[in-house]
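S.K.: Dumping the structure here so I can ask a few things about it.
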Amino acid sequence: MASVPTPTREASSCSSKMIKSAAFQLLKDDKWIDVPPMRHSIVINLGDQIEVITNGKYKSVIHRVVAQTEGTRMSIASFYNPGNDAVIFPASALVEKEAEERKEVYPKFVFDDYMKLYSPVKFEAKETRFEAMNVVKDSVVVKGGLIS
């Protein structure tokens with residue numbers, strides 16, 4: 001009996017994947033959608049950091065890889081992260097531009113603090129991680145000063 005693949009969401013800014021089989025899936029409207037392989041193509045997953053920087057305009061996606069019983073599969077994953085001391089927050093210009101539509105809804109945090117929180121709970125909802133970062137942001141020290 002094949003095991004059920006564990007879905008995940010990237011904490012990174014983005015990740016890229018070369019897909020050579022129909023084993024990669026995204027969760028959309030509570031349904032798993034196959035991402036078909038396309039010749040000479042790379043799939044880019046936007047991670048939680050991009051969601052925060054865009055103030056939710058672009059969302060990180062839940063995805064998984066399903067083992068295939070036929071054929072071969074080749075995956076190459078690359079992850080792009082900011083430095084551990086990077087302060088992540090919604091882009092000011094974007095927030096100002098959309099001020100009438102919505103407010104800044106994501107917390108400001110240090111990437112390393114987010115990763116420490118993310119690692120043990122990465123298969124849980126991202127919203128609880130963002131809420132937790134809101135709670136700790138006032139006590140986070142960045143190069144001698146508090147995040148404001």
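Labeling convention for the structure tokens: chains A, B, ... as they appear, residues from 1 per chain, ligands from 1 in order of appearance.
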At a cut-off of 10 Å, using only C-alpha atoms, what residues contact Asn134 (chain A)? Leave out same-chain residues fewer than 3 positions from it and give the result as a ChimeraX atom specification.

M.R.: /A:106-109,128-131,137-138

S.K.: Suppose we keep N, CA, C and O atoms; can you now write the selection as a JSON list (two decimals), in the first residue's frame?

M.R.:
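Contents of the output file selection-v6.json:
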[["chain", "number", "residue", "atom", "x", "y", "z"],
["A", 106, "TYR", "N", 0.14, 41.46, 7.53],
["A", 106, "TYR", "CA", 1.20, 40.52, 7.90],
["A", 106, "TYR", "C", 2.17, 41.19, 8.86],
["A", 106, "TYR", "O", 2.45, 42.37, 8.75],
["A", 107, "PRO", "N", 2.72, 40.40, 9.78],
["A", 107, "PRO", "CA", 3.64, 40.96, 10.76],
["A", 107, "PRO", "C", 5.02, 41.23, 10.17],
["A", 107, "PRO", "O", 5.38, 40.69, 9.13],
["A", 108, "LYS", "N", 5.78, 42.05, 10.87],
["A", 108, "LYS", "CA", 7.18, 42.27, 10.55],
["A", 108, "LYS", "C", 7.97, 41.33, 11.44],
["A", 108, "LYS", "O", 7.70, 41.23, 12.63],
["A", 109, "PHE", "N", 8.93, 40.60, 10.86],
["A", 109, "PHE", "CA", 9.69, 39.64, 11.66],
["A", 109, "PHE", "C", 11.06, 39.39, 11.04],
["A", 109, "PHE", "O", 11.31, 39.72, 9.89],
["A", 128, "THR", "N", -1.47, 30.56, 11.65],
["A", 128, "THR", "CA", -1.09, 30.52, 13.06],
["A", 128, "THR", "C", 0.36, 30.94, 13.25],
["A", 128, "THR", "O", 0.71, 31.53, 14.26],
["A", 129, "ARG", "N", 1.21, 30.64, 12.27],
["A", 129, "ARG", "CA", 2.62, 31.08, 12.35],
["A", 129, "ARG", "C", 2.69, 32.60, 12.25],
["A", 129, "ARG", "O", 3.44, 33.24, 12.99],
["A", 130, "PHE", "N", 1.92, 33.18, 11.33],
["A", 130, "PHE", "CA", 1.92, 34.64, 11.20],
["A", 130, "PHE", "C", 1.40, 35.30, 12.48],
["A", 130, "PHE", "O", 1.93, 36.31, 12.93],
["A", 131, "GLU", "N", 0.36, 34.72, 13.07],
["A", 131, "GLU", "CA", -0.17, 35.25, 14.33],
["A", 131, "GLU", "C", 0.87, 35.18, 15.44],
["A", 131, "GLU", "O", 1.04, 36.10, 16.22],
["A", 137, "LYS", "N", 6.94, 39.86, 17.84],
["A", 137, "LYS", "CA", 7.69, 40.88, 17.11],
["A", 137, "LYS", "C", 8.17, 42.04, 17.98],
["A", 137, "LYS", "O", 9.21, 42.61, 17.72],
["A", 138, "ASP", "N", 7.43, 42.39, 19.01],
["A", 138, "ASP", "CA", 7.83, 43.51, 19.85],
["A", 138, "ASP", "C", 9.05, 43.21, 20.71],
["A", 138, "ASP", "O", 9.71, 44.12, 21.19]]

S.K.: CA of Pro120 (chain A) and CA of Arg64 (chain A), how far apart in Å?

M.R.: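 Atom-to-atom, CA of Arg64 (chain A) to CA of Pro120 (chain A), that is 18.0 Å.
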
S.K.: Could you pull out all residues of region 15-80 of chain A with a DSSP call of alpha helix (DSSP H) and give them as number ranges by chain?

M.R.: A: 48-53

S.K.: Rounded to one decimal in Å, what is the spacing between CA of Gln25 (chain A) and CA of His63 (chain A)?

M.R.: 5.5 Å

S.K.: Choose the residue, out of A:Val66, A:Gln49, A:Lys28, A:Met38, that has the smallest atom-to-atom separation from Ile88 (chain A); count only C-alpha atoms.

M.R.: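 Under the stated criterion, the closest residue is A:Gln49.
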
S.K.: Could you pull out the residues in region 30-90 of chain A that DSSP calls strand (DSSP E or B) from the backbone, as a PDB file with N, CA, C and O atoms, in the first residue's frame?

M.R.:
ATOM      1  N   LYS A  31      -8.978  20.655  -3.277  1.00  0.00           N
ATOM      2  CA  LYS A  31      -8.785  19.534  -4.195  1.00  0.00           C
ATOM      3  C   LYS A  31      -7.344  19.542  -4.682  1.00  0.00           C
ATOM      4  O   LYS A  31      -6.771  20.599  -4.944  1.00  0.00           O
ATOM      5  N   TRP A  32      -6.760  18.353  -4.821  1.00  0.00           N
ATOM      6  CA  TRP A  32      -5.405  18.227  -5.340  1.00  0.00           C
ATOM      7  C   TRP A  32      -5.443  18.280  -6.859  1.00  0.00           C
ATOM      8  O   TRP A  32      -6.177  17.536  -7.493  1.00  0.00           O
ATOM      9  N   ILE A  33      -4.666  19.196  -7.414  1.00  0.00           N
ATOM     10  CA  ILE A  33      -4.610  19.413  -8.860  1.00  0.00           C
ATOM     11  C   ILE A  33      -3.226  18.995  -9.352  1.00  0.00           C
ATOM     12  O   ILE A  33      -2.207  19.457  -8.824  1.00  0.00           O
ATOM     13  N   ASP A  34      -3.185  18.137 -10.377  1.00  0.00           N
ATOM     14  CA  ASP A  34      -1.908  17.748 -10.965  1.00  0.00           C
ATOM     15  C   ASP A  34      -1.275  18.928 -11.691  1.00  0.00           C
ATOM     16  O   ASP A  34      -1.962  19.693 -12.372  1.00  0.00           O
ATOM     17  N   VAL A  43       8.820  24.929 -12.599  1.00  0.00           N
ATOM     18  CA  VAL A  43       7.713  25.384 -11.759  1.00  0.00           C
ATOM     19  C   VAL A  43       8.296  26.215 -10.631  1.00  0.00           C
ATOM     20  O   VAL A  43       9.266  25.818  -9.990  1.00  0.00           O
ATOM     21  N   ILE A  44       7.711  27.371 -10.376  1.00  0.00           N
ATOM     22  CA  ILE A  44       8.146  28.246  -9.289  1.00  0.00           C
ATOM     23  C   ILE A  44       7.056  28.266  -8.222  1.00  0.00           C
ATOM     24  O   ILE A  44       5.913  28.618  -8.501  1.00  0.00           O
ATOM     25  N   ASN A  45       7.409  27.861  -7.011  1.00  0.00           N
ATOM     26  CA  ASN A  45       6.502  27.964  -5.864  1.00  0.00           C
ATOM     27  C   ASN A  45       6.828  29.243  -5.119  1.00  0.00           C
ATOM     28  O   ASN A  45       7.991  29.474  -4.793  1.00  0.00           O
ATOM     29  N   LEU A  46       5.832  30.020  -4.835  1.00  0.00           N
ATOM     30  CA  LEU A  46       6.050  31.188  -3.992  1.00  0.00           C
ATOM     31  C   LEU A  46       5.889  30.751  -2.550  1.00  0.00           C
ATOM     32  O   LEU A  46       4.931  30.067  -2.206  1.00  0.00           O
ATOM     33  N   HIS A  63       1.576  22.118  -1.460  1.00  0.00           N
ATOM     34  CA  HIS A  63       1.877  21.210  -2.559  1.00  0.00           C
ATOM     35  C   HIS A  63       2.407  19.888  -2.015  1.00  0.00           C
ATOM     36  O   HIS A  63       2.734  19.776  -0.842  1.00  0.00           O
ATOM     37  N   ARG A  64       2.465  18.911  -2.902  1.00  0.00           N
ATOM     38  CA  ARG A  64       2.981  17.604  -2.528  1.00  0.00           C
ATOM     39  C   ARG A  64       3.496  16.887  -3.775  1.00  0.00           C
ATOM     40  O   ARG A  64       3.193  17.283  -4.900  1.00  0.00           O
ATOM     41  N   VAL A  65       4.246  15.833  -3.531  1.00  0.00           N
ATOM     42  CA  VAL A  65       4.715  14.960  -4.600  1.00  0.00           C
ATOM     43  C   VAL A  65       4.137  13.582  -4.334  1.00  0.00           C
ATOM     44  O   VAL A  65       4.237  13.056  -3.229  1.00  0.00           O
ATOM     45  N   SER A  75      13.171  15.131 -10.083  1.00  0.00           N
ATOM     46  CA  SER A  75      12.867  16.424  -9.490  1.00  0.00           C
ATOM     47  C   SER A  75      14.164  17.076  -9.049  1.00  0.00           C
ATOM     48  O   SER A  75      15.027  16.412  -8.477  1.00  0.00           O
ATOM     49  N   ILE A  76      14.279  18.324  -9.318  1.00  0.00           N
ATOM     50  CA  ILE A  76      15.413  19.107  -8.840  1.00  0.00           C
ATOM     51  C   ILE A  76      14.808  20.325  -8.155  1.00  0.00           C
ATOM     52  O   ILE A  76      14.117  21.114  -8.784  1.00  0.00           O
ATOM     53  N   ALA A  77      15.034  20.445  -6.862  1.00  0.00           N
ATOM     54  CA  ALA A  77      14.456  21.564  -6.116  1.00  0.00           C
ATOM     55  C   ALA A  77      15.558  22.525  -5.683  1.00  0.00           C
ATOM     56  O   ALA A  77      16.631  22.109  -5.268  1.00  0.00           O
ATOM     57  N   SER A  78      15.289  23.797  -5.814  1.00  0.00           N
ATOM     58  CA  SER A  78      16.191  24.856  -5.345  1.00  0.00           C
ATOM     59  C   SER A  78      15.381  25.795  -4.475  1.00  0.00           C
ATOM     60  O   SER A  78      14.246  26.120  -4.807  1.00  0.00           O
ATOM     61  N   PHE A  79      15.959  26.227  -3.374  1.00  0.00           N
ATOM     62  CA  PHE A  79      15.255  27.107  -2.457  1.00  0.00           C
ATOM     63  C   PHE A  79      16.014  28.416  -2.339  1.00  0.00           C
ATOM     64  O   PHE A  79      17.241  28.421  -2.257  1.00  0.00           O
ATOM     65  N   TYR A  80      15.304  29.507  -2.322  1.00  0.00           N
ATOM     66  CA  TYR A  80      15.894  30.836  -2.236  1.00  0.00           C
ATOM     67  C   TYR A  80      15.394  31.513  -0.972  1.00  0.00           C
ATOM     68  O   TYR A  80      14.205  31.736  -0.812  1.00  0.00           O
ATOM     69  N   VAL A  87      14.909  41.295   7.849  1.00  0.00           N
ATOM     70  CA  VAL A  87      13.610  41.655   8.413  1.00  0.00           C
ATOM     71  C   VAL A  87      12.594  41.589   7.277  1.00  0.00           C
ATOM     72  O   VAL A  87      12.744  42.251   6.258  1.00  0.00           O
ATOM     73  N   ILE A  88      11.579  40.761   7.456  1.00  0.00           N
ATOM     74  CA  ILE A  88      10.562  40.519   6.436  1.00  0.00           C
ATOM     75  C   ILE A  88       9.295  41.265   6.831  1.00  0.00           C
ATOM     76  O   ILE A  88       8.831  41.153   7.966  1.00  0.00           O
TER      77      ILE A  88
END

S.K.: Can you tell me which residues surround Gly83 (chain A) at a distance of at most 10 Å, considering only C-alpha atoms, apart from same-chain residues fewer than 4 positions away, and format the answer as a ChimeraX atom specification?

M.R.: /A:87,110-112

S.K.: Write the residues of the selection above to a file with N, CA, C and O atoms, as a compact mmCIF listing (two decimals), in the first residue's frame.

M.R.:
# COMPACT_ATOMS: atom_id res chain seq x y z
N VAL A 87 14.91 41.29 7.85
CA VAL A 87 13.61 41.66 8.41
C VAL A 87 12.59 41.59 7.28
O VAL A 87 12.74 42.25 6.26
N VAL A 110 11.93 38.79 11.84
CA VAL A 110 13.26 38.39 11.40
C VAL A 110 13.14 36.99 10.82
O VAL A 110 12.52 36.11 11.43
N PHE A 111 13.72 36.78 9.65
CA PHE A 111 13.59 35.50 8.94
C PHE A 111 14.00 34.31 9.81
O PHE A 111 13.30 33.30 9.85
N ASP A 112 15.10 34.40 10.53
CA ASP A 112 15.56 33.30 11.36
C ASP A 112 14.54 32.95 12.45
O ASP A 112 14.32 31.77 12.74

S.K.: What is the distance, in Å and to one decimal place, between CA of Met133 (chain A) and CA of Ile50 (chain A)?

M.R.: 15.7 Å

S.K.: Can you tell me, as a PDB file with C-alpha atoms, in the first residue's frame, what residues are no more than 6 Å from Pro90 (chain A) when counting only C-alpha atoms, ignoring any on the same chain fewer than 6 positions away?

M.R.:
ATOM      1  CA  VAL A  52       4.243  38.602   3.440  1.00  0.00           C
ATOM      2  CA  ILE A  53       6.203  40.999   1.198  1.00  0.00           C
ATOM      3  CA  THR A  54       3.236  41.285  -1.204  1.00  0.00           C
ATOM      4  CA  ASN A  55       0.834  41.727   1.732  1.00  0.00           C
TER       5      ASN A  55
END
